[in-house]
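K.L.:
Got a structure for you, questions after.
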Amino acid sequence: MAALLLIMLGTVARSLATAATAPFDISGTIVFYNGLSPDEGVYNYRIPAVVQTKAFGCPNKGCRPPALVAFAEARHGGDSSASRIAVRTSFDGGDTWSEVSFAAGSENSTTARESCKANRTSCRASNPTVTYDEATGEIVLIYVVRGFGSGEDAIGNGIVKSTVNPLFSASTPLNWSAPLDISADFGAASGSMPGPGTALTLEAGPHTGRLLVVSHHGPYQRDYVSLSDDHGASWRTISTTFPGMDEAALTQLPNGSVLLNMRHRQSPKIGRGVAVSDDGGETFGPIYYDATLISPVCQASIVSFDDVVYFSNPASTSGRSNLTIRMSHDSCKTWSSELLVEAGKSEGYSCLVQSALNHFAVPGPPSGGILYEAVDSVWGDSIKFARFPVSPVAATTFIV
């Protein structure tokens, strides 16, 4: 087997239970893979998103660790085949995962087509974009609504929510709300593709608790930012647009500003497109380019916690390889260090957890988490979860 250079981002390989668990190797646990859900009519999975909830009752008796909730598009082939948003949950920091369930979307059937056409219920769903609303204790999942026509057929936007209560366990699927059609609220952004990956809940400043999501309208046409000040019940799209941009992510920097990081198809050597807001996402400054963040034409992820910003993408100008996590300690003015997740080629999409992994679920030194598209020697195209150190810990290099 060809040598593959990896940097170990978790603990050493360990045996796992069978039924609901996925294979494990030194680069992480495989969460979604081809053939995972044959009974559900799913051929393959793509487009990862992940969120961490809060712990319940810790450190007292009855402590329930927080849940890691992973999402992916359930597909039957290429981009236009996505029908539902699949979900798996972990209570042990990503070592083992629940059975697959579905948060939104529908398979193609006569009933689904009629309901979708009549009132946008039972439509297809894709582009999972997720955040955790600590004020309500809810996972908020935003997605694009698709019809059953040709191509990707984006016809609107939807949202579902779920509360992880203290009685929830890995053996019981999350209970999702009925889908809410937010297309009218999105206005000009209606039918645009959110994220994918993370939406944003503001944790500081005068707009604390505000939800923000960025979406792209058509391939490299423009990006929109939409926001909610009532926990996702209603939305509005700001007037500023970002021409020529595509898939994007938002984060609140340690200095309080909101940063927008965007995909584009200009020369990859000029780096990722960036714009900054100093008023909680109401307005943004002009687009500039971060030349350190080299990238092929691909999605990326950016999050901030504990005064550090983390960015993940295929760090290459020649193709989707060298998936790397970079760290900034000065609100993205400079990038001081990096970790190689996987050197090989893959589809390249990734999603970082928006907070450090809770120590009740992952004892030991602080760690972060990443859900990413990989190529496995046994399972082929897959989506893996890995942990990585968030304090100065020497990484160990392996050749396998």
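In the structure tokens, the first chain shown is A, the next is B, and so on; residue numbers restart at 1 for each chain, and ligands run from 1 in the order shown.
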Enumerate as a count of residues only all residues of range 179-331 of chain A assigned to strand (DSSP E) by DSSP on the backbone, naming them with the chain letters and numbers the document uses.
P.N.:
63
K.L.:
Quick one: everything within 12 Å of range 207-210 of chain A, counting only C-alpha atoms, minus sequence neighbours fewer than 5 positions away in the same chain. Send it as an mmCIF file with N, CA and C atoms, in the first residue's frame.
P.N.:
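File produced: selection.cif:
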```
data_model
loop_
_atom_site.group_PDB
_atom_site.id
_atom_site.type_symbol
_atom_site.label_atom_id
_atom_site.label_comp_id
_atom_site.auth_asym_id
_atom_site.auth_seq_id
_atom_site.Cartn_x
_atom_site.Cartn_y
_atom_site.Cartn_z
ATOM 1 N N THR A 131 -25.772 24.835 14.191
ATOM 2 C CA THR A 131 -25.212 25.509 15.351
ATOM 3 C C THR A 131 -25.976 25.060 16.592
ATOM 4 N N TYR A 132 -25.398 25.348 17.766
ATOM 5 C CA TYR A 132 -26.050 25.017 19.034
ATOM 6 C C TYR A 132 -26.464 26.322 19.702
ATOM 7 N N ASP A 133 -27.743 26.448 20.007
ATOM 8 C CA ASP A 133 -28.292 27.625 20.667
ATOM 9 C C ASP A 133 -28.356 27.343 22.159
ATOM 10 N N GLU A 134 -27.344 27.827 22.889
ATOM 11 C CA GLU A 134 -27.257 27.493 24.315
ATOM 12 C C GLU A 134 -28.422 28.065 25.110
ATOM 13 N N ALA A 135 -28.974 29.198 24.680
ATOM 14 C CA ALA A 135 -30.079 29.817 25.415
ATOM 15 C C ALA A 135 -31.311 28.925 25.446
ATOM 16 N N THR A 136 -31.543 28.173 24.376
ATOM 17 C CA THR A 136 -32.708 27.291 24.314
ATOM 18 C C THR A 136 -32.345 25.825 24.495
ATOM 19 N N GLY A 137 -31.047 25.516 24.438
ATOM 20 C CA GLY A 137 -30.616 24.125 24.515
ATOM 21 C C GLY A 137 -30.918 23.335 23.269
ATOM 22 N N ALA A 199 -23.333 27.048 11.090
ATOM 23 C CA ALA A 199 -23.911 28.371 11.243
ATOM 24 C C ALA A 199 -23.240 28.979 12.486
ATOM 25 N N LEU A 200 -23.709 30.118 12.952
ATOM 26 C CA LEU A 200 -23.032 30.804 14.059
ATOM 27 C C LEU A 200 -24.038 31.323 15.065
ATOM 28 N N THR A 201 -23.765 31.081 16.344
ATOM 29 C CA THR A 201 -24.487 31.711 17.448
ATOM 30 C C THR A 201 -23.533 32.686 18.124
ATOM 31 N N LEU A 202 -23.873 33.969 18.147
ATOM 32 C CA LEU A 202 -22.996 34.955 18.776
ATOM 33 C C LEU A 202 -22.963 34.738 20.282
ATOM 34 N N SER A 226 -27.797 35.801 6.391
ATOM 35 C CA SER A 226 -29.121 35.930 6.999
ATOM 36 C C SER A 226 -28.972 35.774 8.505
ATOM 37 N N LEU A 227 -29.841 36.433 9.272
ATOM 38 C CA LEU A 227 -29.710 36.384 10.725
ATOM 39 C C LEU A 227 -31.075 36.305 11.395
ATOM 40 N N SER A 228 -31.056 35.812 12.635
ATOM 41 C CA SER A 228 -32.271 35.672 13.436
ATOM 42 C C SER A 228 -31.993 36.141 14.856
ATOM 43 N N ASP A 229 -32.896 36.950 15.402
ATOM 44 C CA ASP A 229 -32.779 37.409 16.784
ATOM 45 C C ASP A 229 -33.835 36.785 17.690
ATOM 46 N N ASP A 230 -34.508 35.739 17.201
ATOM 47 C CA ASP A 230 -35.519 35.057 18.017
ATOM 48 C C ASP A 230 -35.343 33.539 17.936
ATOM 49 N N HIS A 231 -34.090 33.117 17.969
ATOM 50 C CA HIS A 231 -33.732 31.692 18.033
ATOM 51 C C HIS A 231 -34.207 30.890 16.819
ATOM 52 N N GLY A 232 -34.254 31.546 15.668
ATOM 53 C CA GLY A 232 -34.579 30.852 14.435
ATOM 54 C C GLY A 232 -36.036 30.860 14.056
ATOM 55 N N ALA A 233 -36.892 31.534 14.853
ATOM 56 C CA ALA A 233 -38.314 31.585 14.504
ATOM 57 C C ALA A 233 -38.555 32.440 13.273
ATOM 58 N N SER A 234 -37.782 33.514 13.126
ATOM 59 C CA SER A 234 -37.872 34.373 11.937
ATOM 60 C C SER A 234 -36.464 34.805 11.542
ATOM 61 N N TRP A 235 -36.319 35.185 10.268
ATOM 62 C CA TRP A 235 -35.013 35.523 9.721
ATOM 63 C C TRP A 235 -35.121 36.753 8.831
ATOM 64 N N ARG A 236 -33.999 37.417 8.620
ATOM 65 C CA ARG A 236 -33.895 38.478 7.630
ATOM 66 C C ARG A 236 -32.509 38.403 6.990
ATOM 67 N N GLN A 252 -17.244 34.089 15.155
ATOM 68 C CA GLN A 252 -17.022 35.286 15.964
ATOM 69 C C GLN A 252 -15.617 35.218 16.519
ATOM 70 N N GLY A 256 -14.264 39.930 19.096
ATOM 71 C CA GLY A 256 -15.679 40.266 19.028
ATOM 72 C C GLY A 256 -16.236 40.454 17.633
ATOM 73 N N SER A 257 -15.378 40.672 16.639
ATOM 74 C CA SER A 257 -15.850 40.839 15.265
ATOM 75 C C SER A 257 -16.374 39.519 14.707
ATOM 76 N N VAL A 258 -17.202 39.611 13.675
ATOM 77 C CA VAL A 258 -17.691 38.438 12.957
ATOM 78 C C VAL A 258 -16.926 38.348 11.644
ATOM 79 N N ASP A 278 -18.210 44.429 12.223
ATOM 80 C CA ASP A 278 -17.997 44.907 13.590
ATOM 81 C C ASP A 278 -19.294 45.285 14.277
ATOM 82 N N ASP A 279 -20.427 44.886 13.687
ATOM 83 C CA ASP A 279 -21.720 45.206 14.293
ATOM 84 C C ASP A 279 -22.622 43.974 14.356
ATOM 85 N N GLY A 280 -22.024 42.824 14.619
ATOM 86 C CA GLY A 280 -22.814 41.612 14.818
ATOM 87 C C GLY A 280 -23.402 41.032 13.562
ATOM 88 N N GLY A 281 -22.837 41.362 12.392
ATOM 89 C CA GLY A 281 -23.321 40.800 11.138
ATOM 90 C C GLY A 281 -24.307 41.659 10.389
ATOM 91 N N GLU A 282 -24.589 42.883 10.888
ATOM 92 C CA GLU A 282 -25.508 43.778 10.178
ATOM 93 C C GLU A 282 -24.878 44.296 8.887
#
```
K.L.:
Choose the residue, out of A:Arg326, A:Arg84, A:Lys345, A:Lys384, that has the smallest atom-to-atom separation from Pro296 in chain A; count only C-alpha atoms.
P.N.:
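Looking only at the distances to Pro296 in chain A, the closest residue turns out to be A:Lys345.
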K.L.:
DSSP says alpha helix (DSSP H) for which residues of range 123-361 of chain A? Put them as a PyMOL selection string?
P.N.:
chain A and resi 183-186
K.L.:
Store the residues picked out above in a file with N, CA and C atoms, as an mmCIF file, in the first residue's frame.
P.N.:
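Now in result-v3.cif:
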```
data_model
loop_
_atom_site.group_PDB
_atom_site.id
_atom_site.type_symbol
_atom_site.label_atom_id
_atom_site.label_comp_id
_atom_site.auth_asym_id
_atom_site.auth_seq_id
_atom_site.Cartn_x
_atom_site.Cartn_y
_atom_site.Cartn_z
ATOM 1 N N SER A 183 -38.176 30.224 3.682
ATOM 2 C CA SER A 183 -37.840 30.777 2.366
ATOM 3 C C SER A 183 -38.245 32.241 2.252
ATOM 4 N N ALA A 184 -39.461 32.575 2.684
ATOM 5 C CA ALA A 184 -39.924 33.959 2.558
ATOM 6 C C ALA A 184 -39.059 34.891 3.395
ATOM 7 N N ASP A 185 -38.682 34.471 4.588
ATOM 8 C CA ASP A 185 -37.821 35.289 5.439
ATOM 9 C C ASP A 185 -36.465 35.543 4.788
ATOM 10 N N PHE A 186 -35.943 34.554 4.091
ATOM 11 C CA PHE A 186 -34.633 34.700 3.467
ATOM 12 C C PHE A 186 -34.659 35.703 2.307
#
```
K.L.:
Find the spatial neighbours of Asn44 in chain A, counting only C-alpha atoms, within a cut-off of 10 Å - ignore same-chain residues fewer than 5 positions away - and output them as an MDAnalysis selection string.
P.N.:
chainID A and resid 32:38 72:78 81:82 381:382
K.L.:
Filtering to C-alpha atoms, could you give me those residues as a short mmCIF file (atom, residue, chain, number, x, y, z; two decimals), in the first residue's frame?
P.N.:
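Below you can see again11.cif, which holds the result:
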```cif
data_model
loop_
_atom_site.label_atom_id
_atom_site.label_comp_id
_atom_site.auth_asym_id
_atom_site.auth_seq_id
_atom_site.Cartn_x
_atom_site.Cartn_y
_atom_site.Cartn_z
CA PHE A 32 -20.42 7.69 7.49
CA TYR A 33 -19.33 5.33 4.73
CA ASN A 34 -20.70 3.67 1.60
CA GLY A 35 -22.98 0.79 2.52
CA LEU A 36 -23.65 2.07 6.06
CA SER A 37 -27.44 2.16 5.62
CA PRO A 38 -28.49 -0.21 2.83
CA ALA A 72 -24.11 14.36 6.24
CA GLU A 73 -26.08 14.34 3.03
CA ALA A 74 -27.61 10.92 2.31
CA ARG A 75 -27.14 10.34 -1.41
CA HIS A 76 -27.67 7.92 -4.25
CA GLY A 77 -24.69 9.18 -6.26
CA GLY A 78 -23.63 12.72 -7.20
CA SER A 81 -28.99 12.85 -5.77
CA ALA A 82 -29.00 14.14 -2.16
CA ASP A 381 -14.96 7.47 0.29
CA SER A 382 -15.97 8.09 3.89
#
```
K.L.:
Between A:Val31, A:Gly368, A:Cys116, A:Pro254, which has the minimum distance to Gly205 in chain A (counting only C-alpha atoms)?
P.N.:
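Result for the nearest residue to Gly205 in chain A: A:Pro254.
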K.L.:
Write out as a list of chain:residue names which residues come within 8 Å of range 99-105 of chain A when counting only C-alpha atoms, dropping same-chain ones fewer than 2 positions away.
P.N.:
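Once the nearby chain positions are removed, what remains is A:Ala20, A:Thr21, A:Ser37, A:Ser83, A:Arg84, A:Ile85, A:Ala86, A:Val87, A:Arg88, A:Thr89, A:Trp97, A:Glu107, A:Ser122, A:Cys123, A:Arg124, A:Ala125, A:Ser126, A:Val145, A:Val160, A:Ala170, A:Ser171, A:Pro173, A:Leu174, A:Trp176, A:Pro179.
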K.L.:
Can I get the selected residues back with N, CA and C atoms, as a PDB file, in the first residue's frame?
P.N.:
```pdb
ATOM      1  N   ALA A  20     -23.417  -0.430  16.401  1.00  0.00           N
ATOM      2  CA  ALA A  20     -23.617   0.974  16.085  1.00  0.00           C
ATOM      3  C   ALA A  20     -22.311   1.719  15.904  1.00  0.00           C
ATOM      4  N   THR A  21     -21.192   1.045  16.013  1.00  0.00           N
ATOM      5  CA  THR A  21     -19.911   1.728  15.913  1.00  0.00           C
ATOM      6  C   THR A  21     -19.341   1.599  14.516  1.00  0.00           C
ATOM      7  N   SER A  37     -25.995   2.263   5.398  1.00  0.00           N
ATOM      8  CA  SER A  37     -27.442   2.163   5.618  1.00  0.00           C
ATOM      9  C   SER A  37     -28.153   1.588   4.398  1.00  0.00           C
ATOM     10  N   SER A  83     -30.962  13.482  -0.879  1.00  0.00           N
ATOM     11  CA  SER A  83     -32.392  13.473  -0.568  1.00  0.00           C
ATOM     12  C   SER A  83     -32.686  13.808   0.892  1.00  0.00           C
ATOM     13  N   ARG A  84     -31.819  13.371   1.808  1.00  0.00           N
ATOM     14  CA  ARG A  84     -32.066  13.561   3.235  1.00  0.00           C
ATOM     15  C   ARG A  84     -30.775  13.954   3.949  1.00  0.00           C
ATOM     16  N   ILE A  85     -30.929  14.436   5.169  1.00  0.00           N
ATOM     17  CA  ILE A  85     -29.782  14.765   6.004  1.00  0.00           C
ATOM     18  C   ILE A  85     -29.699  13.718   7.107  1.00  0.00           C
ATOM     19  N   ALA A  86     -28.630  12.931   7.048  1.00  0.00           N
ATOM     20  CA  ALA A  86     -28.426  11.834   7.995  1.00  0.00           C
ATOM     21  C   ALA A  86     -27.759  12.342   9.265  1.00  0.00           C
ATOM     22  N   VAL A  87     -28.003  11.628  10.375  1.00  0.00           N
ATOM     23  CA  VAL A  87     -27.502  12.037  11.690  1.00  0.00           C
ATOM     24  C   VAL A  87     -26.953  10.821  12.430  1.00  0.00           C
ATOM     25  N   ARG A  88     -25.812  10.998  13.097  1.00  0.00           N
ATOM     26  CA  ARG A  88     -25.314  10.035  14.078  1.00  0.00           C
ATOM     27  C   ARG A  88     -24.823  10.817  15.296  1.00  0.00           C
ATOM     28  N   THR A  89     -24.911  10.208  16.475  1.00  0.00           N
ATOM     29  CA  THR A  89     -24.618  10.891  17.728  1.00  0.00           C
ATOM     30  C   THR A  89     -23.603  10.105  18.545  1.00  0.00           C
ATOM     31  N   TRP A  97     -20.570   5.688  17.789  1.00  0.00           N
ATOM     32  CA  TRP A  97     -21.655   6.501  17.243  1.00  0.00           C
ATOM     33  C   TRP A  97     -22.950   5.701  17.189  1.00  0.00           C
ATOM     34  N   GLU A 107     -37.288  10.735   0.698  1.00  0.00           N
ATOM     35  CA  GLU A 107     -37.027   9.971  -0.512  1.00  0.00           C
ATOM     36  C   GLU A 107     -38.105  10.267  -1.551  1.00  0.00           C
ATOM     37  N   SER A 122     -42.080  17.450   2.980  1.00  0.00           N
ATOM     38  CA  SER A 122     -41.649  16.193   2.374  1.00  0.00           C
ATOM     39  C   SER A 122     -40.793  16.409   1.140  1.00  0.00           C
ATOM     40  N   CYS A 123     -40.100  17.544   1.075  1.00  0.00           N
ATOM     41  CA  CYS A 123     -39.164  17.786  -0.016  1.00  0.00           C
ATOM     42  C   CYS A 123     -37.821  17.138   0.304  1.00  0.00           C
ATOM     43  N   ARG A 124     -36.926  17.158  -0.653  1.00  0.00           N
ATOM     44  CA  ARG A 124     -35.558  16.741  -0.389  1.00  0.00           C
ATOM     45  C   ARG A 124     -34.835  17.835   0.391  1.00  0.00           C
ATOM     46  N   ALA A 125     -33.735  17.475   1.056  1.00  0.00           N
ATOM     47  CA  ALA A 125     -32.966  18.438   1.842  1.00  0.00           C
ATOM     48  C   ALA A 125     -31.478  18.161   1.665  1.00  0.00           C
ATOM     49  N   SER A 126     -30.674  19.228   1.653  1.00  0.00           N
ATOM     50  CA  SER A 126     -29.228  19.054   1.560  1.00  0.00           C
ATOM     51  C   SER A 126     -28.523  20.268   2.150  1.00  0.00           C
ATOM     52  N   VAL A 145     -33.911  23.484   0.659  1.00  0.00           N
ATOM     53  CA  VAL A 145     -35.034  22.626   0.288  1.00  0.00           C
ATOM     54  C   VAL A 145     -34.959  22.371  -1.214  1.00  0.00           C
ATOM     55  N   VAL A 160     -34.911  22.857  11.054  1.00  0.00           N
ATOM     56  CA  VAL A 160     -35.461  21.966  12.077  1.00  0.00           C
ATOM     57  C   VAL A 160     -34.614  22.135  13.328  1.00  0.00           C
ATOM     58  N   ALA A 170     -27.580   7.116  23.219  1.00  0.00           N
ATOM     59  CA  ALA A 170     -27.129   6.748  21.874  1.00  0.00           C
ATOM     60  C   ALA A 170     -28.066   5.751  21.209  1.00  0.00           C
ATOM     61  N   SER A 171     -28.913   5.102  21.976  1.00  0.00           N
ATOM     62  CA  SER A 171     -29.819   4.103  21.401  1.00  0.00           C
ATOM     63  C   SER A 171     -31.155   4.691  20.968  1.00  0.00           C
ATOM     64  N   PRO A 173     -32.955   7.856  18.745  1.00  0.00           N
ATOM     65  CA  PRO A 173     -32.666   8.949  17.805  1.00  0.00           C
ATOM     66  C   PRO A 173     -33.159  10.287  18.329  1.00  0.00           C
ATOM     67  N   LEU A 174     -32.520  11.348  17.882  1.00  0.00           N
ATOM     68  CA  LEU A 174     -32.969  12.687  18.235  1.00  0.00           C
ATOM     69  C   LEU A 174     -34.383  12.929  17.715  1.00  0.00           C
ATOM     70  N   TRP A 176     -36.665  15.500  16.161  1.00  0.00           N
ATOM     71  CA  TRP A 176     -36.591  16.763  15.447  1.00  0.00           C
ATOM     72  C   TRP A 176     -37.962  17.403  15.307  1.00  0.00           C
ATOM     73  N   PRO A 179     -40.465  20.480  10.093  1.00  0.00           N
ATOM     74  CA  PRO A 179     -39.693  21.462   9.317  1.00  0.00           C
ATOM     75  C   PRO A 179     -40.430  22.785   9.182  1.00  0.00           C
TER      76      PRO A 179
END
```
K.L.:
With a distance cut-off of 9 Å and only C-alpha atoms, select the neighbouring residues of Arg272 in chain A, excluding the residue or stretch itself and same-chain residues fewer than 2 positions from it, and output the selection as an mmCIF file with C-alpha atoms, in the first residue's frame.
P.N.:
```
data_model
loop_
_atom_site.group_PDB
_atom_site.id
_atom_site.type_symbol
_atom_site.label_atom_id
_atom_site.label_comp_id
_atom_site.auth_asym_id
_atom_site.auth_seq_id
_atom_site.Cartn_x
_atom_site.Cartn_y
_atom_site.Cartn_z
ATOM 1 C CA ASN A 261 -14.483 33.143 5.119
ATOM 2 C CA MET A 262 -15.416 32.277 1.517
ATOM 3 C CA ARG A 263 -14.652 29.921 -1.337
ATOM 4 C CA HIS A 264 -14.019 31.441 -4.783
ATOM 5 C CA PRO A 268 -5.981 29.527 -5.399
ATOM 6 C CA LYS A 269 -2.652 31.154 -4.614
ATOM 7 C CA ILE A 270 -4.344 34.389 -3.493
ATOM 8 C CA VAL A 274 -12.585 37.233 3.765
ATOM 9 C CA TYR A 288 -10.024 40.830 0.896
ATOM 10 C CA TYR A 289 -7.882 37.719 0.549
ATOM 11 C CA ASP A 290 -5.892 35.857 3.175
ATOM 12 C CA ALA A 291 -2.867 34.640 1.242
ATOM 13 C CA THR A 292 -1.766 32.273 4.033
ATOM 14 C CA LEU A 293 -4.931 30.229 3.572
ATOM 15 C CA ILE A 294 -3.976 28.591 0.286
ATOM 16 C CA SER A 295 -6.737 26.461 -1.116
#
```
K.L.:
One decimal, Å: what's the distance from CA of Pro206 in chain A over to CA of Val51 in chain A, could you say?
P.N.:
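Atom-to-atom, CA of Pro206 in chain A to CA of Val51 in chain A, that is 24.0 Å.
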K.L.:
What's the 12 Å shell around Gln52 in chain A, counting only C-alpha atoms, without same-chain residues fewer than 5 positions away, as number ranges by chain?
P.N.:
A: 65-71, 89-94, 130-134, 137-140, 163-164, 198, 351-358, 361, 368-371
K.L.:
Based on the selection just made, write N, CA and C atoms of those residues as a short mmCIF file (atom, residue, chain, number, x, y, z; two decimals), in the first residue's frame.
P.N.:
```cif
data_model
loop_
_atom_site.label_atom_id
_atom_site.label_comp_id
_atom_site.auth_asym_id
_atom_site.auth_seq_id
_atom_site.Cartn_x
_atom_site.Cartn_y
_atom_site.Cartn_z
N PRO A 65 -22.71 13.39 29.77
CA PRO A 65 -21.78 14.13 28.92
C PRO A 65 -22.51 14.78 27.76
N PRO A 66 -21.89 15.78 27.17
CA PRO A 66 -22.51 16.42 26.01
C PRO A 66 -22.53 15.45 24.83
N ALA A 67 -23.39 15.74 23.88
CA ALA A 67 -23.48 14.93 22.67
C ALA A 67 -22.72 15.61 21.54
N LEU A 68 -21.98 14.82 20.77
CA LEU A 68 -21.49 15.24 19.46
C LEU A 68 -22.50 14.74 18.44
N VAL A 69 -23.00 15.62 17.62
CA VAL A 69 -24.01 15.24 16.63
C VAL A 69 -23.44 15.52 15.25
N ALA A 70 -23.29 14.46 14.46
CA ALA A 70 -22.69 14.55 13.13
C ALA A 70 -23.78 14.43 12.06
N PHE A 71 -23.63 15.21 11.00
CA PHE A 71 -24.60 15.25 9.91
C PHE A 71 -23.88 15.01 8.58
N THR A 89 -24.91 10.21 16.47
CA THR A 89 -24.62 10.89 17.73
C THR A 89 -23.60 10.11 18.55
N SER A 90 -22.70 10.83 19.23
CA SER A 90 -21.70 10.21 20.09
C SER A 90 -21.71 10.87 21.45
N PHE A 91 -21.59 10.04 22.51
CA PHE A 91 -21.49 10.56 23.88
C PHE A 91 -20.10 10.31 24.48
N ASP A 92 -19.16 9.82 23.69
CA ASP A 92 -17.83 9.53 24.22
C ASP A 92 -16.74 10.23 23.41
N GLY A 93 -17.04 11.44 22.95
CA GLY A 93 -16.04 12.22 22.25
C GLY A 93 -15.71 11.73 20.87
N GLY A 94 -16.60 10.95 20.25
CA GLY A 94 -16.41 10.53 18.88
C GLY A 94 -15.85 9.14 18.70
N VAL A 130 -25.23 23.87 10.76
CA VAL A 130 -25.73 23.62 12.11
C VAL A 130 -25.03 24.49 13.14
N THR A 131 -25.77 24.83 14.19
CA THR A 131 -25.21 25.51 15.35
C THR A 131 -25.98 25.06 16.59
N TYR A 132 -25.40 25.35 17.77
CA TYR A 132 -26.05 25.02 19.03
C TYR A 132 -26.46 26.32 19.70
N ASP A 133 -27.74 26.45 20.01
CA ASP A 133 -28.29 27.62 20.67
C ASP A 133 -28.36 27.34 22.16
N GLU A 134 -27.34 27.83 22.89
CA GLU A 134 -27.26 27.49 24.31
C GLU A 134 -28.42 28.07 25.11
N GLY A 137 -31.05 25.52 24.44
CA GLY A 137 -30.62 24.12 24.52
C GLY A 137 -30.92 23.34 23.27
N GLU A 138 -31.08 24.02 22.14
CA GLU A 138 -31.48 23.36 20.90
C GLU A 138 -30.36 23.30 19.87
N ILE A 139 -30.31 22.19 19.16
CA ILE A 139 -29.52 22.10 17.93
C ILE A 139 -30.36 22.71 16.82
N VAL A 140 -29.78 23.63 16.07
CA VAL A 140 -30.50 24.32 14.99
C VAL A 140 -29.86 23.90 13.67
N THR A 163 -33.85 19.25 20.80
CA THR A 163 -33.28 19.43 22.13
C THR A 163 -32.75 18.10 22.64
N VAL A 164 -31.48 18.08 23.06
CA VAL A 164 -30.89 16.87 23.64
C VAL A 164 -31.18 16.91 25.14
N THR A 198 -20.99 24.87 9.52
CA THR A 198 -21.47 25.53 10.73
C THR A 198 -22.21 26.82 10.41
N CYS A 351 -15.55 19.94 8.69
CA CYS A 351 -16.30 20.79 9.62
C CYS A 351 -15.68 20.65 11.00
N LEU A 352 -15.26 21.75 11.58
CA LEU A 352 -14.69 21.78 12.93
C LEU A 352 -15.80 21.95 13.96
N VAL A 353 -15.62 21.31 15.12
CA VAL A 353 -16.52 21.52 16.25
C VAL A 353 -16.29 22.93 16.78
N GLN A 354 -17.35 23.64 17.13
CA GLN A 354 -17.24 25.05 17.48
C GLN A 354 -16.78 25.31 18.92
N SER A 355 -16.41 24.28 19.63
CA SER A 355 -15.89 24.44 20.99
C SER A 355 -14.95 23.29 21.29
N ALA A 356 -14.16 23.44 22.34
CA ALA A 356 -13.32 22.32 22.77
C ALA A 356 -14.21 21.16 23.18
N LEU A 357 -13.76 19.94 22.95
CA LEU A 357 -14.54 18.78 23.35
C LEU A 357 -14.63 18.72 24.86
N ASN A 358 -15.82 18.48 25.35
CA ASN A 358 -16.06 18.53 26.79
C ASN A 358 -15.24 17.47 27.52
N ALA A 361 -16.57 13.99 28.46
CA ALA A 361 -16.61 12.98 27.40
C ALA A 361 -15.21 12.56 26.98
N GLY A 368 -9.79 19.42 20.35
CA GLY A 368 -10.85 19.85 19.46
C GLY A 368 -11.29 18.68 18.60
N GLY A 369 -12.29 18.91 17.75
CA GLY A 369 -12.79 17.84 16.90
C GLY A 369 -13.03 18.31 15.48
N ILE A 370 -12.86 17.39 14.53
CA ILE A 370 -13.09 17.69 13.12
C ILE A 370 -13.77 16.51 12.45
N LEU A 371 -14.81 16.79 11.69
CA LEU A 371 -15.50 15.80 10.86
C LEU A 371 -15.13 16.11 9.42
#
```
